[in-house]
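Shown here: data-v4.cif, mmCIF, C-alpha atoms.
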```
data_query
loop_
_atom_site.label_atom_id
_atom_site.label_comp_id
_atom_site.auth_asym_id
_atom_site.auth_seq_id
_atom_site.Cartn_x
_atom_site.Cartn_y
_atom_site.Cartn_z
CA MET A 26 42.24 66.89 -26.00
CA THR A 27 43.23 63.33 -26.91
CA HIS A 28 40.80 61.96 -24.32
CA SER A 29 37.99 64.09 -25.80
CA VAL A 30 38.67 62.79 -29.32
CA ALA A 31 38.75 59.19 -28.10
CA SER A 32 35.48 59.71 -26.24
CA GLY A 33 33.86 61.18 -29.36
CA LYS A 34 35.00 58.19 -31.44
CA SER A 35 33.61 55.78 -28.84
CA ILE A 36 30.23 57.51 -28.85
CA ARG A 37 30.18 57.48 -32.65
CA PHE A 38 31.07 53.77 -32.69
CA LEU A 39 28.28 52.95 -30.22
CA TYR A 40 25.85 55.02 -32.27
CA ILE A 41 26.72 53.22 -35.50
CA ALA A 42 26.71 49.82 -33.79
CA SER A 43 23.25 50.52 -32.35
CA ILE A 44 21.92 51.44 -35.79
CA VAL A 45 23.42 48.29 -37.32
CA LEU A 46 21.94 46.07 -34.59
CA LEU A 47 18.54 47.73 -34.92
CA CYS A 48 18.55 47.27 -38.71
CA ALA A 49 19.60 43.62 -38.30
CA TRP A 50 16.84 43.08 -35.73
CA VAL A 51 14.19 44.50 -38.08
CA LEU A 52 15.47 43.44 -41.50
CA GLY A 53 16.81 39.99 -40.56
CA PRO A 54 13.41 38.31 -40.06
CA LEU A 55 12.02 40.08 -43.13
CA TYR A 56 14.89 38.78 -45.23
CA LEU A 57 14.46 35.22 -43.96
CA LEU A 58 10.72 35.46 -44.64
CA ALA A 59 11.39 36.59 -48.22
CA VAL A 60 13.98 33.84 -48.75
CA ASN A 61 11.58 31.12 -47.64
CA ALA A 62 8.62 32.57 -49.56
CA LEU A 63 10.68 32.67 -52.75
CA SER A 64 12.07 29.14 -52.36
CA SER A 65 10.58 25.77 -53.21
CA PRO A 66 8.78 23.77 -50.49
CA ASP A 67 11.54 21.13 -50.47
CA THR A 68 14.21 23.77 -49.88
CA ILE A 69 12.31 25.28 -46.96
CA ASN A 70 12.41 21.96 -45.07
CA GLN A 71 16.14 21.43 -45.61
CA PHE A 72 18.77 21.86 -42.92
CA PRO A 73 20.83 23.97 -42.81
CA MET A 74 18.50 26.57 -44.21
CA ASN A 75 19.37 28.23 -47.49
CA LEU A 76 20.12 31.94 -47.07
CA ILE A 77 19.85 32.81 -50.76
CA PRO A 78 16.40 32.89 -52.41
CA GLU A 79 15.85 30.57 -55.36
CA PHE A 80 13.16 32.87 -56.79
CA ASP A 81 10.96 29.80 -57.07
CA LEU A 82 7.28 30.81 -57.14
CA GLU A 83 5.91 27.38 -56.24
CA SER A 84 5.09 28.39 -52.66
CA LEU A 85 3.32 31.58 -53.78
CA ILE A 86 1.40 29.67 -56.46
CA PHE A 87 0.36 27.10 -53.85
CA PHE A 88 -0.74 29.98 -51.63
CA ALA A 89 -2.85 31.49 -54.44
CA ASN A 90 -4.49 28.12 -55.19
CA PHE A 91 -5.12 27.14 -51.56
CA TYR A 92 -8.87 26.74 -50.93
CA GLY A 93 -10.38 29.93 -49.54
CA MET A 94 -7.16 31.93 -49.72
CA LEU A 95 -8.14 34.04 -52.72
CA ASP A 96 -11.49 34.92 -51.14
CA ALA A 97 -9.72 35.91 -47.92
CA LEU A 98 -7.31 38.09 -49.88
CA ILE A 99 -10.21 39.83 -51.65
CA ASN A 100 -11.94 40.35 -48.29
CA SER A 101 -8.78 41.93 -46.85
CA ILE A 102 -8.47 44.32 -49.77
CA THR A 103 -12.17 45.23 -49.61
CA VAL A 104 -12.14 45.90 -45.86
CA ALA A 105 -8.90 47.88 -46.10
CA LEU A 106 -10.28 50.05 -48.91
CA PHE A 107 -13.44 50.75 -46.93
CA THR A 108 -11.34 51.60 -43.87
CA MET A 109 -9.14 53.92 -45.90
CA CYS A 110 -12.12 55.82 -47.31
CA PHE A 111 -13.96 56.08 -43.98
CA SER A 112 -10.84 57.20 -42.12
CA ILE A 113 -10.08 60.03 -44.54
CA CYS A 114 -13.71 61.13 -44.95
CA LEU A 115 -14.11 61.37 -41.16
CA GLY A 116 -10.57 62.20 -40.09
CA ALA A 117 -9.83 65.04 -42.52
CA PRO A 118 -12.80 67.23 -41.48
CA ALA A 119 -11.97 66.60 -37.81
CA GLY A 120 -8.33 67.50 -38.40
CA TYR A 121 -9.37 70.65 -40.25
CA ALA A 122 -11.66 71.69 -37.39
CA LEU A 123 -8.90 71.16 -34.82
CA ALA A 124 -6.44 73.19 -36.88
CA ARG A 125 -8.70 76.09 -37.86
CA PHE A 126 -11.22 76.58 -35.04
CA ASP A 127 -10.86 77.37 -31.36
CA PHE A 128 -13.44 75.87 -29.03
CA VAL A 129 -13.78 74.92 -25.41
CA GLY A 130 -12.11 71.59 -24.64
CA LYS A 131 -10.01 71.52 -27.80
CA GLU A 132 -6.87 70.21 -26.09
CA LEU A 133 -8.93 67.73 -24.07
CA PHE A 134 -10.48 66.47 -27.30
CA ARG A 135 -7.01 65.81 -28.72
CA VAL A 136 -6.10 63.84 -25.61
CA ILE A 137 -9.33 61.85 -25.83
CA ILE A 138 -8.48 60.95 -29.42
CA LEU A 139 -5.20 59.47 -28.23
CA MET A 140 -6.89 57.75 -25.29
CA THR A 141 -9.07 55.73 -27.65
CA ARG A 142 -5.95 53.74 -28.48
CA ALA A 143 -5.46 52.91 -24.80
CA PHE A 144 -8.48 50.58 -24.66
CA PRO A 145 -7.46 47.03 -25.60
CA LEU A 146 -9.62 45.57 -28.32
CA PRO A 147 -10.14 42.20 -26.55
CA LEU A 148 -12.14 43.99 -23.82
CA LEU A 149 -14.57 45.23 -26.47
CA ALA A 150 -14.78 41.93 -28.35
CA LEU A 151 -17.84 40.50 -26.60
CA PRO A 152 -20.06 43.64 -26.69
CA LEU A 153 -18.97 44.28 -30.29
CA ALA A 154 -19.84 40.73 -31.30
CA VAL A 155 -23.28 40.94 -29.64
CA PHE A 156 -24.00 44.34 -31.20
CA PHE A 157 -22.92 43.20 -34.66
CA ILE A 158 -25.05 40.05 -34.46
CA GLU A 159 -28.11 42.07 -33.40
CA THR A 160 -27.63 44.61 -36.20
CA GLY A 161 -26.70 42.09 -38.89
CA LEU A 162 -23.21 43.53 -39.37
CA ASP A 163 -21.42 40.37 -38.25
CA ASP A 164 -19.38 38.51 -40.85
CA THR A 165 -19.54 41.38 -43.34
CA ALA A 166 -16.81 43.48 -44.90
CA PHE A 167 -18.69 46.67 -44.10
CA GLY A 168 -19.09 45.84 -40.40
CA LEU A 169 -15.44 44.86 -40.01
CA SER A 170 -14.34 48.03 -41.80
CA LEU A 171 -16.21 50.08 -39.18
CA VAL A 172 -14.16 48.46 -36.44
CA HIS A 173 -10.93 49.00 -38.37
CA THR A 174 -11.94 52.62 -38.93
CA THR A 175 -12.10 53.17 -35.18
CA LEU A 176 -8.53 51.88 -34.97
CA ALA A 177 -7.22 54.06 -37.80
CA LEU A 178 -9.29 57.20 -37.15
CA PRO A 179 -7.16 58.65 -34.30
CA PHE A 180 -4.07 58.54 -36.52
CA ALA A 181 -5.98 60.04 -39.43
CA ILE A 182 -7.24 62.92 -37.28
CA LEU A 183 -3.87 63.75 -35.76
CA ILE A 184 -2.00 63.45 -39.07
CA THR A 185 -4.44 65.68 -40.92
CA PHE A 186 -4.41 68.11 -37.98
CA SER A 187 -0.64 68.43 -38.41
CA LEU A 188 -1.07 68.93 -42.15
CA PHE A 189 -3.67 71.68 -41.82
CA SER A 190 -1.67 73.36 -39.05
CA GLY A 191 1.27 73.56 -41.44
CA VAL A 192 -0.67 75.54 -44.05
CA PRO A 193 -0.76 79.27 -43.25
CA ARG A 194 -4.22 80.57 -42.49
CA GLU A 195 -3.41 83.65 -44.59
CA LEU A 196 -3.58 81.61 -47.80
CA GLU A 197 -7.13 80.61 -47.03
CA GLU A 198 -8.11 84.15 -46.05
CA ALA A 199 -6.63 85.49 -49.28
CA ALA A 200 -8.82 83.07 -51.24
CA TRP A 201 -11.86 84.37 -49.34
CA THR A 202 -11.08 87.95 -50.35
CA LEU A 203 -10.93 86.84 -54.00
CA GLY A 204 -14.47 85.48 -53.91
CA CYS A 205 -14.02 81.88 -52.72
CA ASN A 206 -16.20 80.48 -49.98
CA ARG A 207 -14.66 78.19 -47.36
CA PHE A 208 -15.25 75.03 -49.39
CA ALA A 209 -13.81 76.53 -52.59
CA ALA A 210 -10.78 77.85 -50.72
CA PHE A 211 -10.21 74.40 -49.26
CA ARG A 212 -10.60 72.68 -52.63
CA PHE A 213 -8.42 74.97 -54.74
CA VAL A 214 -5.85 76.26 -52.22
CA ILE A 215 -5.51 73.97 -49.21
CA LEU A 216 -6.17 70.54 -50.70
CA PRO A 217 -3.38 70.67 -53.35
CA LEU A 218 -0.86 71.55 -50.64
CA ILE A 219 -1.79 68.73 -48.28
CA LEU A 220 -2.72 66.05 -50.82
CA PRO A 221 0.57 64.10 -50.43
CA GLY A 222 0.05 63.98 -46.67
CA ILE A 223 -3.58 62.92 -47.10
CA THR A 224 -2.36 60.14 -49.36
CA ALA A 225 0.12 59.02 -46.71
CA SER A 226 -2.61 59.03 -44.08
CA ALA A 227 -4.91 57.00 -46.33
CA ILE A 228 -2.26 54.37 -47.00
CA PHE A 229 -1.47 54.24 -43.29
CA ALA A 230 -5.14 53.46 -42.58
CA PHE A 231 -5.03 50.79 -45.29
CA VAL A 232 -2.02 49.12 -43.66
CA ILE A 233 -3.61 49.22 -40.19
CA SER A 234 -6.66 47.40 -41.55
CA TRP A 235 -4.54 45.03 -43.61
CA ASN A 236 -2.52 43.85 -40.60
CA GLU A 237 -5.35 43.71 -38.03
CA VAL A 238 -6.17 40.18 -36.94
CA PHE A 239 -8.08 40.10 -33.62
CA ALA A 240 -11.31 41.80 -34.70
CA SER A 241 -11.19 39.97 -38.02
CA ALA A 242 -10.98 36.61 -36.24
CA VAL A 243 -13.76 37.43 -33.75
CA LEU A 244 -16.28 39.17 -36.01
CA THR A 245 -16.03 37.01 -39.15
CA ILE A 246 -16.63 33.34 -39.82
CA GLN A 247 -17.28 32.73 -43.51
CA ASN A 248 -15.89 36.01 -44.85
CA ARG A 249 -12.55 36.05 -43.05
CA THR A 250 -9.76 38.39 -44.00
CA LEU A 251 -6.34 37.05 -44.91
CA THR A 252 -4.86 37.52 -41.44
CA ALA A 253 -7.79 35.75 -39.77
CA PHE A 254 -7.73 32.98 -42.38
CA LEU A 255 -4.02 32.36 -41.83
CA LEU A 256 -4.55 32.34 -38.06
CA GLN A 257 -7.38 29.85 -38.44
CA ASN A 258 -5.20 27.49 -40.50
CA LEU A 259 -1.97 28.08 -38.58
CA ASP A 260 -1.85 24.61 -37.04
CA THR A 261 -2.79 22.61 -40.13
CA ALA A 262 -1.20 24.63 -42.95
CA PRO A 263 2.13 23.45 -44.39
CA LEU A 264 5.23 25.46 -43.60
CA HIS A 265 5.67 26.92 -47.08
CA LEU A 266 2.08 28.20 -47.02
CA LYS A 267 2.79 30.07 -43.77
CA PHE A 268 5.88 31.72 -45.24
CA ALA A 269 4.03 32.68 -48.42
CA GLY A 270 1.12 34.13 -46.44
CA GLY A 271 3.45 36.09 -44.18
CA PHE A 272 5.28 37.45 -47.21
CA ILE A 273 2.03 38.61 -48.83
CA LEU A 274 1.02 40.33 -45.58
CA VAL A 275 4.34 42.13 -45.15
CA VAL A 276 4.73 43.43 -48.72
CA PRO A 277 2.02 46.20 -48.48
CA ALA A 278 3.57 47.58 -45.28
CA ILE A 279 7.03 47.71 -46.87
CA VAL A 280 5.66 49.37 -50.00
CA PHE A 281 3.90 51.91 -47.78
CA ILE A 282 7.13 52.80 -45.96
CA PHE A 283 9.09 53.41 -49.13
CA ALA A 284 6.25 55.13 -50.99
CA VAL A 285 5.27 57.72 -48.41
CA ARG A 286 8.35 58.17 -46.21
CA LYS A 287 9.18 61.58 -47.66
CA TYR A 288 5.59 62.75 -47.14
CA LEU A 289 5.69 61.67 -43.49
CA PHE A 290 8.96 63.51 -42.87
CA ALA A 291 7.64 66.60 -44.60
CA MET A 292 4.43 66.41 -42.61
CA TRP A 293 6.18 66.49 -39.25
CA GLY A 294 8.54 69.17 -40.50
CA ILE A 295 5.61 71.38 -41.54
CA SER A 296 3.96 71.07 -38.13
CA ASN A 297 7.13 72.39 -36.47
CA ARG A 298 7.83 75.26 -38.85
#
```

Re-express the file's structure as structure tokens.
Amino acid sequence: MTHSVASGKSIRFLYIASIVLLCAWVLGPLYLLAVNALSSPDTINQFPMNLIPEFDLESLIFFANFYGMLDALINSITVALFTMCFSICLGAPAGYALARFDFVGKELFRVIILMTRAFPLPLLALPLAVFFIETGLDDTAFGLSLVHTTLALPFAILITFSLFSGVPRELEEAAWTLGCNRFAAFRFVILPLILPGITASAIFAFVISWNEVFASAVLTIQNRTLTAFLLQNLDTAPLHLKFAGGFILVVPAIVFIFAVRKYLFAMWGISNR
């Protein structure tokens, strides 16, 4: 009995230690990034490094006034918004069809959706660049958003599929018996129930586009997004500009996690009801 209790305590200790190490591994670099972004340029170059932020906005102000940075930030927001809209407008109907209709090859189609993420983007860089140049989509926010949509669309389809699967079909059928057509039943019955999950999916697509760098660097020259612009100036930019740019890139992802975490948990819980 004593041996069993000691073994249980050891397992619990290892479990807690693993969680602490994982949190330190993830949160440590984020904390150091925030400290340096919120400190003055002189403090960043000091040794030993200061572990407490000064809440000095000089680095962020320098980042905002750096030539081309504001345009890159606007381009990132524009492309991410386009990607978010395209992903939901295309992914939600596909997710609804997978959840509500039975057709030949349905399971294979779901596998193919996942397989699209198995193709590395660098392999498609050259044909994409040639195609975009021939069609005039190169170096445009719209063209880049199409590429980002292909990256976010599989997640949008599978997430919305889980959402629609979690809503009982009987609710929709009851709306039909009361005079609603399929579109009206979706609008007034289904959509209010899944709207939080749709919002989470949309923000997820936004973050995917926001953090993408390879396609942005290959397919844009004058109208670069923030990630591509920072990559372009990585060698010549001062250290405090790099920390400020990294901080600005990380903030949307962190806000996304805290804003929609309960919707994501509920979404997976609904799919396994």

Subject >> Given only C-alpha atoms as the counted atoms, nearest of A:Ile182, A:Cys48, A:Ser101, A:Gly168 to A:Phe134 >> reply: A:Ile182

What do you get, as a compact mmCIF listing (two decimals) with C-alpha atoms, in the frame of the given file, if you spell out every residue that the PyMOL selection byres ((chain A and resi 210) around 9) selects here?
```
# COMPACT_ATOMS: atom_id res chain seq x y z
CA LEU A 196 -3.58 81.61 -47.80
CA GLU A 197 -7.13 80.61 -47.03
CA GLU A 198 -8.11 84.15 -46.05
CA ALA A 199 -6.63 85.49 -49.28
CA ALA A 200 -8.82 83.07 -51.24
CA TRP A 201 -11.86 84.37 -49.34
CA CYS A 205 -14.02 81.88 -52.72
CA ASN A 206 -16.20 80.48 -49.98
CA ARG A 207 -14.66 78.19 -47.36
CA PHE A 208 -15.25 75.03 -49.39
CA ALA A 209 -13.81 76.53 -52.59
CA PHE A 211 -10.21 74.40 -49.26
CA ARG A 212 -10.60 72.68 -52.63
CA PHE A 213 -8.42 74.97 -54.74
CA VAL A 214 -5.85 76.26 -52.22
CA ILE A 215 -5.51 73.97 -49.21
CA LEU A 216 -6.17 70.54 -50.70
```

Subject >> Interatomic distance (Å, one decimal) between atom CA of A:Pro179 and atom CA of A:Ile138 >> reply: 5.6 Å

**OP:** Give me the residues within 12 Å of A:Leu123 as a ChimeraX atom specification, counting all atoms listed in the file and dropping any in the same chain fewer than 3 places off.
**Re:** /A:116-120,126-135,138,182-190

**OP:** Go through A:Phe239, A:Phe268, A:Tyr92, A:Phe254 and flag the residue nearest A:Leu149, using all atoms listed in the file for the distances.
**Re:**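 Looking only at the distances to A:Leu149, the closest residue turns out to be A:Phe239.
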
Original post:
Looking at A:Ile77, A:Pro263, A:Ala124, A:Ile158, which one is nearest to A:Pro193, with distances taken over only C-alpha atoms?
Top reply: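 Under the stated criterion, the closest residue is A:Ala124.
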
**OP:** Please evaluate the PyMOL selection byres ((chain A and resi 109-114) around 6) against the structure above and give the resulting residues as an MDAnalysis selection string.
**Re:** chainID A and resid 106:108 115:117 174 178 227 230:231

Subject >> Nearby residues (only C-alpha atoms) at most 12 Å from A:Leu256, same-chain spacing under 6 positions excluded, as an NGL selection string >> reply: :A and (94 or 97 or 236-239 or 241-243 or 249-250 or 262 or 266-267 or 270-271)
